[in-house]
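**Q** One file: input.cif (mmCIF, C-alpha atoms).
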data_data
#
loop_
_atom_site.label_atom_id
_atom_site.label_comp_id
_atom_site.auth_asym_id
_atom_site.auth_seq_id
_atom_site.Cartn_x
_atom_site.Cartn_y
_atom_site.Cartn_z
CA MET A 1 0.00 0.00 0.00
CA THR A 2 1.36 3.41 -0.92
CA GLU A 3 1.41 6.37 1.45
CA SER A 4 -1.42 8.07 -0.49
CA GLU A 5 -3.55 4.90 -0.31
CA SER A 6 -3.13 4.62 3.47
CA ARG A 7 -3.96 8.26 4.11
CA PRO A 8 -7.54 8.86 5.41
CA LEU A 9 -9.97 9.96 2.70
CA LEU A 10 -11.21 13.50 3.34
CA ASN A 11 -15.00 13.77 2.96
CA GLY A 12 -15.16 9.98 2.70
CA PRO A 13 -16.76 7.49 5.09
CA LEU A 14 -16.06 7.78 8.81
CA THR A 15 -15.92 4.71 11.03
CA VAL A 16 -17.00 5.47 14.58
CA ALA A 17 -16.69 3.24 17.64
CA ALA A 18 -18.52 3.84 20.93
CA ILE A 19 -16.62 2.04 23.70
CA GLY A 20 -18.79 1.05 26.67
CA LEU A 21 -16.16 0.90 29.39
CA ASP A 22 -16.97 -0.69 32.73
CA ILE A 23 -15.50 2.18 34.76
CA LEU A 24 -13.73 1.63 38.07
CA PRO A 25 -14.64 4.38 40.55
CA CYS A 26 -11.84 6.87 41.27
CA ASP A 27 -9.15 4.66 39.68
CA LYS A 28 -7.80 6.90 36.93
CA LYS A 29 -4.82 4.75 36.00
CA ALA A 30 -6.83 1.56 35.65
CA ASN A 31 -9.50 3.28 33.57
CA LEU A 32 -6.96 4.90 31.25
CA ASP A 33 -5.25 1.53 30.83
CA ARG A 34 -8.59 -0.12 29.97
CA ALA A 35 -9.39 2.63 27.50
CA SER A 36 -5.95 2.32 25.89
CA ALA A 37 -6.37 -1.42 25.41
CA ALA A 38 -9.80 -1.01 23.80
CA ILE A 39 -8.68 1.78 21.47
CA LYS A 40 -5.59 -0.15 20.37
CA GLU A 41 -7.83 -3.05 19.37
CA LEU A 42 -9.65 -0.65 17.07
CA SER A 43 -6.50 0.81 15.54
CA GLY A 44 -6.71 0.60 11.75
CA HIS A 45 -10.44 -0.15 11.92
CA ALA A 46 -11.92 3.13 13.19
CA ASP A 47 -11.49 6.86 12.71
CA VAL A 48 -13.09 7.97 15.99
CA ALA A 49 -13.07 6.22 19.37
CA ILE A 50 -15.69 7.52 21.81
CA LEU A 51 -15.49 6.94 25.56
CA PRO A 52 -18.22 7.50 28.18
CA GLU A 53 -18.76 10.55 30.35
CA MET A 54 -16.09 10.87 33.08
CA PHE A 55 -14.56 7.65 31.76
CA SER A 56 -11.34 8.02 33.75
CA THR A 57 -12.97 8.33 37.19
CA GLY A 58 -16.63 7.42 37.06
CA PHE A 59 -19.41 9.93 37.70
CA ILE A 60 -18.34 11.65 40.92
CA LEU A 61 -20.75 13.78 42.94
CA ASP A 62 -18.76 14.04 46.16
CA SER A 63 -17.10 17.46 46.03
CA GLY A 64 -14.01 16.33 47.93
CA GLU A 65 -13.43 13.30 45.70
CA ALA A 66 -14.12 15.35 42.57
CA ARG A 67 -11.60 18.00 43.56
CA ALA A 68 -8.99 15.37 44.39
CA LEU A 69 -9.44 13.76 40.96
CA ALA A 70 -9.71 17.00 38.97
CA GLU A 71 -6.99 18.15 36.60
CA PRO A 72 -6.35 21.07 34.26
CA SER A 73 -7.42 20.97 30.63
CA ASP A 74 -3.90 20.05 29.59
CA GLY A 75 -3.42 17.53 32.38
CA PRO A 76 -2.86 13.75 32.39
CA THR A 77 -6.11 12.75 30.68
CA ILE A 78 -5.54 14.98 27.67
CA GLU A 79 -1.86 14.07 27.56
CA TRP A 80 -3.00 10.45 27.45
CA ALA A 81 -5.62 11.21 24.75
CA ILE A 82 -3.06 12.98 22.55
CA ALA A 83 -0.62 10.08 22.84
CA VAL A 84 -3.25 7.42 22.07
CA ALA A 85 -4.82 9.40 19.21
CA SER A 86 -1.41 9.90 17.63
CA SER A 87 -0.23 6.30 18.00
CA CYS A 88 -3.52 4.81 16.76
CA ASN A 89 -4.19 7.48 14.09
CA MET A 90 -7.73 8.15 15.22
CA ALA A 91 -9.61 10.81 17.14
CA VAL A 92 -10.54 10.15 20.79
CA ALA A 93 -13.55 11.69 22.55
CA GLY A 94 -14.85 11.56 26.12
CA SER A 95 -15.18 13.75 29.21
CA PHE A 96 -13.28 14.20 32.47
CA ILE A 97 -13.28 16.24 35.68
CA ALA A 98 -11.52 19.53 34.96
CA LEU A 99 -10.31 22.26 37.32
CA ASP A 100 -9.90 25.82 36.02
CA HIS A 101 -7.56 28.53 37.33
CA ASP A 102 -10.37 29.96 39.49
CA GLY A 103 -10.81 26.66 41.30
CA ARG A 104 -14.09 25.76 39.57
CA LEU A 105 -14.89 22.19 38.57
CA PHE A 106 -16.29 21.32 35.15
CA ASN A 107 -17.53 18.19 33.44
CA LYS A 108 -15.36 18.80 30.38
CA ALA A 109 -15.78 16.96 27.10
CA PHE A 110 -12.99 16.73 24.57
CA PHE A 111 -12.36 15.66 20.99
CA THR A 112 -8.66 15.00 20.43
CA GLU A 113 -7.27 14.46 16.93
CA PRO A 114 -4.11 12.53 15.98
CA SER A 115 -2.37 15.87 15.42
CA GLY A 116 -2.97 16.73 19.08
CA GLU A 117 -5.53 19.43 18.27
CA THR A 118 -8.24 19.24 20.92
CA THR A 119 -11.72 20.72 20.97
CA TYR A 120 -13.28 21.24 24.43
CA TYR A 121 -16.83 21.63 25.68
CA ASP A 122 -18.04 22.22 29.25
CA LYS A 123 -21.30 20.39 29.98
CA ARG A 124 -24.08 22.96 29.96
CA HIS A 125 -26.98 21.02 31.49
CA LEU A 126 -25.85 19.61 34.82
CA PHE A 127 -27.95 16.80 36.28
CA ALA A 128 -29.60 18.78 39.08
CA PRO A 129 -31.87 15.88 40.18
CA GLY A 130 -28.68 14.08 41.26
CA GLY A 131 -26.88 17.14 42.61
CA GLU A 132 -24.31 17.58 39.82
CA ASN A 133 -25.02 21.32 39.85
CA LYS A 134 -23.84 21.53 43.47
CA VAL A 135 -20.35 20.29 42.58
CA TYR A 136 -19.71 21.47 39.02
CA THR A 137 -20.05 24.75 37.13
CA PRO A 138 -22.23 24.74 34.00
CA GLY A 139 -20.64 25.65 30.70
CA THR A 140 -21.66 28.86 28.99
CA GLU A 141 -20.39 28.30 25.45
CA PRO A 142 -22.47 26.62 22.71
CA ILE A 143 -21.53 23.13 21.61
CA PRO A 144 -18.37 23.44 19.48
CA LEU A 145 -17.62 21.99 16.07
CA ALA A 146 -14.52 19.98 15.25
CA ARG A 147 -13.58 19.49 11.62
CA PHE A 148 -12.07 16.03 11.22
CA ARG A 149 -11.37 14.13 8.00
CA GLY A 150 -13.88 16.30 6.18
CA TRP A 151 -16.65 15.82 8.75
CA ASN A 152 -18.20 18.47 11.01
CA ILE A 153 -18.50 16.92 14.46
CA ALA A 154 -20.24 18.27 17.57
CA ILE A 155 -20.00 16.90 21.10
CA ALA A 156 -22.36 17.05 24.08
CA VAL A 157 -22.62 15.34 27.46
CA CYS A 158 -25.34 13.09 28.90
CA TYR A 159 -28.16 15.29 30.30
CA ASP A 160 -27.64 17.75 27.42
CA LEU A 161 -29.41 15.15 25.27
CA ARG A 162 -32.78 16.11 26.79
CA PHE A 163 -32.59 19.70 25.50
CA PRO A 164 -33.25 19.88 21.74
CA VAL A 165 -32.85 23.64 21.38
CA TRP A 166 -29.33 23.43 22.81
CA LEU A 167 -28.41 20.69 20.35
CA ARG A 168 -30.19 22.18 17.36
CA ASN A 169 -28.26 21.69 14.13
CA ILE A 170 -28.73 25.14 12.61
CA HIS A 171 -28.48 24.94 8.81
CA GLY A 172 -26.82 21.53 9.07
CA ASP A 173 -23.68 22.80 10.77
CA TYR A 174 -22.75 19.35 12.07
CA ASP A 175 -22.77 15.97 10.34
CA LEU A 176 -22.24 13.92 13.49
CA LEU A 177 -23.30 14.59 17.08
CA ILE A 178 -21.35 12.69 19.74
CA VAL A 179 -23.03 12.27 23.14
CA VAL A 180 -20.90 10.83 25.95
CA ALA A 181 -22.88 9.59 28.93
CA GLU A 182 -23.34 7.62 32.11
CA TRP A 183 -27.07 7.01 31.65
CA PRO A 184 -28.47 4.27 33.94
CA ASP A 185 -30.76 1.47 32.80
CA SER A 186 -33.65 2.92 34.82
CA ARG A 187 -33.91 5.59 32.12
CA ALA A 188 -32.61 3.54 29.19
CA TYR A 189 -35.83 3.84 27.17
CA ALA A 190 -35.61 7.63 27.28
CA TRP A 191 -31.90 7.51 26.30
CA ARG A 192 -32.64 5.51 23.17
CA GLN A 193 -35.66 7.57 22.11
CA LEU A 194 -33.81 10.84 22.62
CA LEU A 195 -30.84 9.67 20.54
CA ILE A 196 -33.26 8.78 17.75
CA ALA A 197 -35.13 12.08 18.05
CA ARG A 198 -31.96 14.16 17.95
CA ALA A 199 -30.83 12.32 14.80
CA ILE A 200 -34.15 12.75 13.00
CA GLU A 201 -34.78 16.39 13.89
CA ASN A 202 -31.21 17.45 13.13
CA GLN A 203 -30.75 15.29 10.02
CA ALA A 204 -27.40 14.11 11.33
CA TYR A 205 -25.73 10.98 12.61
CA VAL A 206 -25.80 10.64 16.41
CA ALA A 207 -23.35 8.44 18.30
CA GLY A 208 -24.28 7.90 21.94
CA CYS A 209 -21.58 6.30 24.08
CA ASN A 210 -22.76 4.96 27.44
CA ARG A 211 -20.79 3.07 30.06
CA CYS A 212 -21.30 -0.55 31.10
CA GLY A 213 -21.23 -2.12 34.56
CA LYS A 214 -22.68 -0.61 37.71
CA ASP A 215 -22.01 2.07 40.32
CA VAL A 216 -23.83 3.71 43.22
CA PHE A 217 -26.25 5.36 40.78
CA GLY A 218 -27.43 2.18 39.05
CA THR A 219 -26.62 -0.44 36.45
CA TYR A 220 -25.59 0.08 32.84
CA ALA A 221 -26.32 -2.78 30.47
CA GLY A 222 -24.46 -1.35 27.50
CA THR A 223 -26.87 0.91 25.63
CA SER A 224 -24.45 2.70 23.34
CA ALA A 225 -25.96 3.29 19.91
CA ILE A 226 -25.18 4.90 16.57
CA ILE A 227 -28.22 6.35 14.81
CA ASP A 228 -28.46 7.49 11.20
CA PRO A 229 -30.23 10.70 10.06
CA LYS A 230 -33.48 8.78 9.43
CA GLY A 231 -33.53 7.48 12.99
CA ILE A 232 -32.30 3.95 12.25
CA ASP A 233 -29.85 2.23 14.58
CA ILE A 234 -26.91 1.29 12.36
CA GLY A 235 -24.45 0.20 15.05
CA THR A 236 -22.89 -3.25 15.11
CA GLU A 237 -22.01 -4.62 18.53
CA ALA A 238 -18.61 -6.14 19.11
CA HIS A 239 -16.32 -6.88 22.07
CA THR A 240 -12.61 -6.46 22.63
CA PRO A 241 -10.65 -9.51 23.93
CA ASP A 242 -11.10 -8.31 27.53
CA GLY A 243 -14.88 -8.17 27.08
CA THR A 244 -15.30 -4.41 26.64
CA GLN A 245 -18.40 -3.68 24.60
CA CYS A 246 -18.04 -1.60 21.44
CA VAL A 247 -20.67 -0.40 19.00
CA VAL A 248 -19.19 0.34 15.60
CA SER A 249 -20.57 1.84 12.39
CA ARG A 250 -19.26 3.21 9.11
CA LEU A 251 -20.93 6.54 8.37
CA SER A 252 -21.48 7.84 4.85
CA ARG A 253 -21.20 11.57 4.30
CA SER A 254 -22.47 11.27 0.72
CA ALA A 255 -25.59 9.43 1.91
CA LEU A 256 -26.15 12.13 4.54
CA TYR A 257 -25.93 14.96 2.04
CA ASP A 258 -28.03 13.13 -0.55
CA PHE A 259 -30.75 12.72 2.07
CA ARG A 260 -30.57 16.38 3.07
CA ASP A 261 -30.78 17.44 -0.58
CA LYS A 262 -33.86 15.29 -1.20
CA PHE A 263 -35.60 16.20 2.07
CA PRO A 264 -34.17 19.52 3.33
CA ALA A 265 -36.16 19.79 6.56
CA TYR A 266 -33.10 21.20 8.33
CA LEU A 267 -33.53 24.43 6.34
CA HIS A 268 -37.04 25.06 7.67
CA GLY A 269 -36.50 25.09 11.42
CA ASP A 270 -37.65 27.90 13.68
CA MET A 271 -35.02 30.28 14.99
CA PHE A 272 -34.36 30.49 18.72
CA THR A 273 -32.31 32.75 20.91
CA LEU A 274 -30.44 31.12 23.78
CA ASP A 275 -29.87 33.01 27.04
#
What do you get writing this file as structure tokens?

**A**
Amino acid sequence: MTESESRPLLNGPLTVAAIGLDILPCDKKANLDRASAAIKELSGHADVAILPEMFSTGFILDSGEARALAEPSDGPTIEWAIAVASSCNMAVAGSFIALDHDGRLFNKAFFTEPSGETTYYDKRHLFAPGGENKVYTPGTEPIPLARFRGWNIAIAVCYDLRFPVWLRNIHGDYDLLIVVAEWPDSRAYAWRQLLIARAIENQAYVAGCNRCGKDVFGTYAGTSAIIDPKGIDIGTEAHTPDGTQCVVSRLSRSALYDFRDKFPAYLHGDMFTLD
């Protein structure tokens, strides 16, 4: 194979893998090691590896534990993501507990490319019913767009999924919406329906990555899913040698744009102003 043949095709298909880690609470090293092993298994077979919300620590709502586990935006988790993305030649997405220079904690999502370029997003809608808003600071910036291998990619976190205006795909700005989550089985039906709704109403692919296993908040049976713009689940389930669940799909940008051209509902949405 020549160098030009091995180079990723810009504007071509994008293979996405949602990795349903069984996260160990507060054990950053073990979780990063597990994530590394899963991503390396996908090397050469995927363009984007997606990890769950707070994949390196678990979902932490104790303020003391959260502060002890927090790190700056350029700390160990992102250093790890840059190294793995570079060595495996794929983008890596997830979220982690971040500490800013004012001492505030954020549930910070990231999309790290093989070049090391990283796009960040601070979770806007904190899960107040569980007390997340008492520990973390909500983000104020709209969901960002990363441009990767010809695709426009947006990222959001868990509870954000319930708020369609926040995730609205104005004029088709994004082709793929990534949602990283720790969404328990007690609300699994809502998770699935909301992923489908966001895909249909935004005429975009939606990749929802949810954890597996269990923690103090509930059980997680592995409900990651990849939905196409018509609302169809196109993910194929697989497992790494250590049993980690992955949902994988090859996304077609040409099929997306052909569908939008034939049925341009995304051009007819109502305009909203966000506070």

**Q** Expand the PyMOL selection byres ((chain A and resi 69) around 10) into the explicit residue set it covers here, and present it as a list in words.

**A** Cys26, Asp27, Lys28, Ser56, Thr57, Ile60, Ser63, Gly64, Glu65, Ala66, Arg67, Ala68, Ala70, Glu71, Phe96, Ile97, Ala98 and Leu99 of chain A

**Q** Can those selected residues be exported to a file as a tab-separated table (two decimals), in the frame of the given file so that it contains C-alpha atoms?

**A**
chain	number	residue	atom	x	y	z
A	26	CYS	CA	-11.84	6.87	41.27
A	27	ASP	CA	-9.15	4.66	39.68
A	28	LYS	CA	-7.80	6.90	36.93
A	56	SER	CA	-11.34	8.02	33.75
A	57	THR	CA	-12.97	8.33	37.19
A	60	ILE	CA	-18.34	11.65	40.92
A	63	SER	CA	-17.10	17.46	46.03
A	64	GLY	CA	-14.01	16.33	47.93
A	65	GLU	CA	-13.43	13.30	45.70
A	66	ALA	CA	-14.12	15.35	42.57
A	67	ARG	CA	-11.60	18.00	43.56
A	68	ALA	CA	-8.99	15.37	44.39
A	70	ALA	CA	-9.71	17.00	38.97
A	71	GLU	CA	-6.99	18.15	36.60
A	96	PHE	CA	-13.28	14.20	32.47
A	97	ILE	CA	-13.28	16.24	35.68
A	98	ALA	CA	-11.52	19.53	34.96
A	99	LEU	CA	-10.31	22.26	37.32

**Q** Any chance you could tabulate, as a Markdown table, the residues of stretch 55-144 of chain A at most 12 Å from stretch 9-18 of chain A with each one's nearest atom pair and distance in Å to one decimal, using all atoms listed in the file, in chain and rising number order?

**A**
| residue | atom | partner | partner_atom | distance |
| --- | --- | --- | --- | --- |
| A:Met90 | CA | A:Val16 | CA | 9.7 |
| A:Ala91 | CA | A:Val16 | CA | 9.5 |
| A:Val92 | CA | A:Ala17 | CA | 9.8 |
| A:Ala93 | CA | A:Ala18 | CA | 9.4 |
| A:Gly94 | CA | A:Ala18 | CA | 10.0 |

**Q** Record the distance separating atom CA of A:Ser86 and atom CA of A:Ile50, expressed in Å with one decimal.

**A**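 We find that atom CA of A:Ser86 and atom CA of A:Ile50 lie 15.1 Å from each other.
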
**Q** Any chance you could work out the residue set of the PyMOL selection byres ((chain A and resi 112) around 10) here, as a list in words?

**A**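 After applying the PyMOL selection byres ((chain A and resi 112) around 10), what remains is Val48, Ala49, Ile78, Glu79, Ala81, Ile82, Ala83, Val84, Ala85, Ser86, Met90, Ala91, Val92, Ala93, Gly94, Ala109, Phe110, Phe111, Glu113, Pro114, Ser115, Gly116, Glu117, Thr118, Thr119, Tyr120, Ala146 and Phe148 of chain A.
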
**Q** If you apply the PyMOL selection byres ((chain A and resi 20) around 10) to this file, what residues do you get, as a PDB file with C-alpha atoms, in the frame of the given file?

**A**
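Dumped to result_14.pdb:
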ATOM      1  CA  ALA A  17     -16.690   3.240  17.640  1.00  0.00           C
ATOM      2  CA  ALA A  18     -18.520   3.840  20.930  1.00  0.00           C
ATOM      3  CA  ILE A  19     -16.620   2.040  23.700  1.00  0.00           C
ATOM      4  CA  LEU A  21     -16.160   0.900  29.390  1.00  0.00           C
ATOM      5  CA  ASP A  22     -16.970  -0.690  32.730  1.00  0.00           C
ATOM      6  CA  ILE A  23     -15.500   2.180  34.760  1.00  0.00           C
ATOM      7  CA  ALA A  35      -9.390   2.630  27.500  1.00  0.00           C
ATOM      8  CA  ALA A  38      -9.800  -1.010  23.800  1.00  0.00           C
ATOM      9  CA  ILE A  50     -15.690   7.520  21.810  1.00  0.00           C
ATOM     10  CA  LEU A  51     -15.490   6.940  25.560  1.00  0.00           C
ATOM     11  CA  PRO A  52     -18.220   7.500  28.180  1.00  0.00           C
ATOM     12  CA  PHE A  55     -14.560   7.650  31.760  1.00  0.00           C
ATOM     13  CA  ALA A 181     -22.880   9.590  28.930  1.00  0.00           C
ATOM     14  CA  GLU A 182     -23.340   7.620  32.110  1.00  0.00           C
ATOM     15  CA  GLY A 208     -24.280   7.900  21.940  1.00  0.00           C
ATOM     16  CA  CYS A 209     -21.580   6.300  24.080  1.00  0.00           C
ATOM     17  CA  ASN A 210     -22.760   4.960  27.440  1.00  0.00           C
ATOM     18  CA  ARG A 211     -20.790   3.070  30.060  1.00  0.00           C
ATOM     19  CA  CYS A 212     -21.300  -0.550  31.100  1.00  0.00           C
ATOM     20  CA  GLY A 213     -21.230  -2.120  34.560  1.00  0.00           C
ATOM     21  CA  TYR A 220     -25.590   0.080  32.840  1.00  0.00           C
ATOM     22  CA  ALA A 221     -26.320  -2.780  30.470  1.00  0.00           C
ATOM     23  CA  GLY A 222     -24.460  -1.350  27.500  1.00  0.00           C
ATOM     24  CA  THR A 223     -26.870   0.910  25.630  1.00  0.00           C
ATOM     25  CA  SER A 224     -24.450   2.700  23.340  1.00  0.00           C
ATOM     26  CA  HIS A 239     -16.320  -6.880  22.070  1.00  0.00           C
ATOM     27  CA  THR A 244     -15.300  -4.410  26.640  1.00  0.00           C
ATOM     28  CA  GLN A 245     -18.400  -3.680  24.600  1.00  0.00           C
ATOM     29  CA  CYS A 246     -18.040  -1.600  21.440  1.00  0.00           C
ATOM     30  CA  VAL A 247     -20.670  -0.400  19.000  1.00  0.00           C
TER      31      VAL A 247
END

**Q** List every residue of stretch 113-179 of chain A that has an atom at most 9 Å from any atom of stretch 258-267 of chain A, giving for each one its closest atom pair and the distance in Å to one decimal, counting all atoms listed in the file, sorted by chain and then by ascending residue number, as CSV.

**A**
residue,atom,partner,partner_atom,distance
A:Asn169,CA,A:Tyr266,CA,7.6
A:Ile170,CA,A:Tyr266,CA,7.3
A:His171,CA,A:Leu267,CA,5.6
A:Gly172,CA,A:Tyr266,CA,6.3

**Q** Could all heavy atoms be built for stretch 166-176 of chain A and written out as a PDB file, keeping the file's coordinate frame?

**A**
ATOM      1  N   TRP A 166     -30.778  23.327  22.600  1.00  0.00           N
ATOM      2  CA  TRP A 166     -29.330  23.430  22.810  1.00  0.00           C
ATOM      3  C   TRP A 166     -28.550  22.670  21.749  1.00  0.00           C
ATOM      4  O   TRP A 166     -27.469  23.086  21.332  1.00  0.00           O
ATOM      5  CB  TRP A 166     -28.986  22.920  24.204  1.00  0.00           C
ATOM      6  CG  TRP A 166     -27.549  23.099  24.585  1.00  0.00           C
ATOM      7  CD1 TRP A 166     -26.617  22.120  24.751  1.00  0.00           C
ATOM      8  CD2 TRP A 166     -26.876  24.332  24.850  1.00  0.00           C
ATOM      9  NE1 TRP A 166     -25.406  22.660  25.097  1.00  0.00           N
ATOM     10  CE2 TRP A 166     -25.536  24.022  25.166  1.00  0.00           C
ATOM     11  CE3 TRP A 166     -27.272  25.669  24.854  1.00  0.00           C
ATOM     12  CZ2 TRP A 166     -24.593  24.998  25.475  1.00  0.00           C
ATOM     13  CZ3 TRP A 166     -26.338  26.646  25.163  1.00  0.00           C
ATOM     14  CH2 TRP A 166     -25.010  26.310  25.468  1.00  0.00           C
ATOM     15  N   LEU A 167     -29.113  21.549  21.307  1.00  0.00           N
ATOM     16  CA  LEU A 167     -28.410  20.690  20.350  1.00  0.00           C
ATOM     17  C   LEU A 167     -28.867  20.913  18.913  1.00  0.00           C
ATOM     18  O   LEU A 167     -28.503  20.151  18.020  1.00  0.00           O
ATOM     19  CB  LEU A 167     -28.625  19.213  20.728  1.00  0.00           C
ATOM     20  CG  LEU A 167     -28.118  18.800  22.114  1.00  0.00           C
ATOM     21  CD1 LEU A 167     -28.346  17.320  22.337  1.00  0.00           C
ATOM     22  CD2 LEU A 167     -26.642  19.141  22.285  1.00  0.00           C
ATOM     23  N   ARG A 168     -29.627  21.954  18.689  1.00  0.00           N
ATOM     24  CA  ARG A 168     -30.190  22.180  17.360  1.00  0.00           C
ATOM     25  C   ARG A 168     -29.088  22.378  16.324  1.00  0.00           C
ATOM     26  O   ARG A 168     -28.134  23.135  16.523  1.00  0.00           O
ATOM     27  CB  ARG A 168     -31.102  23.404  17.378  1.00  0.00           C
ATOM     28  CG  ARG A 168     -31.835  23.614  16.072  1.00  0.00           C
ATOM     29  CD  ARG A 168     -33.036  24.512  16.283  1.00  0.00           C
ATOM     30  NE  ARG A 168     -33.698  24.751  15.009  1.00  0.00           N
ATOM     31  CZ  ARG A 168     -33.437  25.786  14.223  1.00  0.00           C
ATOM     32  NH1 ARG A 168     -32.549  26.681  14.598  1.00  0.00           N
ATOM     33  NH2 ARG A 168     -34.062  25.943  13.079  1.00  0.00           N
ATOM     34  N   ASN A 169     -29.242  21.683  15.213  1.00  0.00           N
ATOM     35  CA  ASN A 169     -28.260  21.690  14.130  1.00  0.00           C
ATOM     36  C   ASN A 169     -28.645  22.776  13.117  1.00  0.00           C
ATOM     37  O   ASN A 169     -29.244  22.504  12.083  1.00  0.00           O
ATOM     38  CB  ASN A 169     -28.223  20.316  13.466  1.00  0.00           C
ATOM     39  CG  ASN A 169     -27.039  20.130  12.561  1.00  0.00           C
ATOM     40  OD1 ASN A 169     -26.133  20.953  12.530  1.00  0.00           O
ATOM     41  ND2 ASN A 169     -27.046  19.046  11.804  1.00  0.00           N
ATOM     42  N   ILE A 170     -28.299  24.005  13.433  1.00  0.00           N
ATOM     43  CA  ILE A 170     -28.730  25.140  12.610  1.00  0.00           C
ATOM     44  C   ILE A 170     -28.073  25.058  11.242  1.00  0.00           C
ATOM     45  O   ILE A 170     -26.855  25.049  11.105  1.00  0.00           O
ATOM     46  CB  ILE A 170     -28.383  26.466  13.311  1.00  0.00           C
ATOM     47  CG1 ILE A 170     -29.111  26.551  14.664  1.00  0.00           C
ATOM     48  CG2 ILE A 170     -28.759  27.654  12.430  1.00  0.00           C
ATOM     49  CD1 ILE A 170     -28.695  27.730  15.513  1.00  0.00           C
ATOM     50  N   HIS A 171     -28.936  24.979  10.207  1.00  0.00           N
ATOM     51  CA  HIS A 171     -28.480  24.940   8.810  1.00  0.00           C
ATOM     52  C   HIS A 171     -27.508  23.791   8.550  1.00  0.00           C
ATOM     53  O   HIS A 171     -26.636  23.887   7.687  1.00  0.00           O
ATOM     54  CB  HIS A 171     -27.855  26.277   8.404  1.00  0.00           C
ATOM     55  CG  HIS A 171     -28.840  27.398   8.421  1.00  0.00           C
ATOM     56  ND1 HIS A 171     -28.482  28.695   8.695  1.00  0.00           N
ATOM     57  CD2 HIS A 171     -30.188  27.415   8.220  1.00  0.00           C
ATOM     58  CE1 HIS A 171     -29.568  29.475   8.657  1.00  0.00           C
ATOM     59  NE2 HIS A 171     -30.598  28.710   8.378  1.00  0.00           N
ATOM     60  N   GLY A 172     -27.652  22.699   9.314  1.00  0.00           N
ATOM     61  CA  GLY A 172     -26.820  21.530   9.070  1.00  0.00           C
ATOM     62  C   GLY A 172     -25.362  21.731   9.388  1.00  0.00           C
ATOM     63  O   GLY A 172     -24.485  21.161   8.720  1.00  0.00           O
ATOM     64  N   ASP A 173     -25.073  22.513  10.432  1.00  0.00           N
ATOM     65  CA  ASP A 173     -23.680  22.800  10.770  1.00  0.00           C
ATOM     66  C   ASP A 173     -22.885  21.536  11.088  1.00  0.00           C
ATOM     67  O   ASP A 173     -21.699  21.452  10.782  1.00  0.00           O
ATOM     68  CB  ASP A 173     -23.603  23.757  11.972  1.00  0.00           C
ATOM     69  CG  ASP A 173     -23.888  25.192  11.577  1.00  0.00           C
ATOM     70  OD1 ASP A 173     -23.871  25.487  10.373  1.00  0.00           O
ATOM     71  OD2 ASP A 173     -24.118  26.020  12.486  1.00  0.00           O
ATOM     72  N   TYR A 174     -23.508  20.572  11.769  1.00  0.00           N
ATOM     73  CA  TYR A 174     -22.750  19.350  12.070  1.00  0.00           C
ATOM     74  C   TYR A 174     -23.326  18.151  11.319  1.00  0.00           C
ATOM     75  O   TYR A 174     -24.511  18.068  11.025  1.00  0.00           O
ATOM     76  CB  TYR A 174     -22.671  19.085  13.575  1.00  0.00           C
ATOM     77  CG  TYR A 174     -23.964  18.849  14.334  1.00  0.00           C
ATOM     78  CD1 TYR A 174     -24.649  17.642  14.243  1.00  0.00           C
ATOM     79  CD2 TYR A 174     -24.473  19.817  15.210  1.00  0.00           C
ATOM     80  CE1 TYR A 174     -25.799  17.401  14.972  1.00  0.00           C
ATOM     81  CE2 TYR A 174     -25.627  19.587  15.948  1.00  0.00           C
ATOM     82  CZ  TYR A 174     -26.292  18.381  15.830  1.00  0.00           C
ATOM     83  OH  TYR A 174     -27.429  18.139  16.545  1.00  0.00           O
ATOM     84  N   ASP A 175     -22.421  17.219  11.007  1.00  0.00           N
ATOM     85  CA  ASP A 175     -22.770  15.970  10.340  1.00  0.00           C
ATOM     86  C   ASP A 175     -22.960  14.847  11.348  1.00  0.00           C
ATOM     87  O   ASP A 175     -23.723  13.911  11.113  1.00  0.00           O
ATOM     88  CB  ASP A 175     -21.665  15.556   9.362  1.00  0.00           C
ATOM     89  CG  ASP A 175     -21.320  16.648   8.368  1.00  0.00           C
ATOM     90  OD1 ASP A 175     -22.251  17.288   7.844  1.00  0.00           O
ATOM     91  OD2 ASP A 175     -20.112  16.869   8.125  1.00  0.00           O
ATOM     92  N   LEU A 176     -22.226  14.938  12.452  1.00  0.00           N
ATOM     93  CA  LEU A 176     -22.240  13.920  13.490  1.00  0.00           C
ATOM     94  C   LEU A 176     -22.289  14.595  14.847  1.00  0.00           C
ATOM     95  O   LEU A 176     -21.492  15.493  15.122  1.00  0.00           O
ATOM     96  CB  LEU A 176     -20.981  13.047  13.391  1.00  0.00           C
ATOM     97  CG  LEU A 176     -20.651  12.131  14.582  1.00  0.00           C
ATOM     98  CD1 LEU A 176     -21.707  11.054  14.765  1.00  0.00           C
ATOM     99  CD2 LEU A 176     -19.272  11.515  14.408  1.00  0.00           C
TER     100      LEU A 176
END
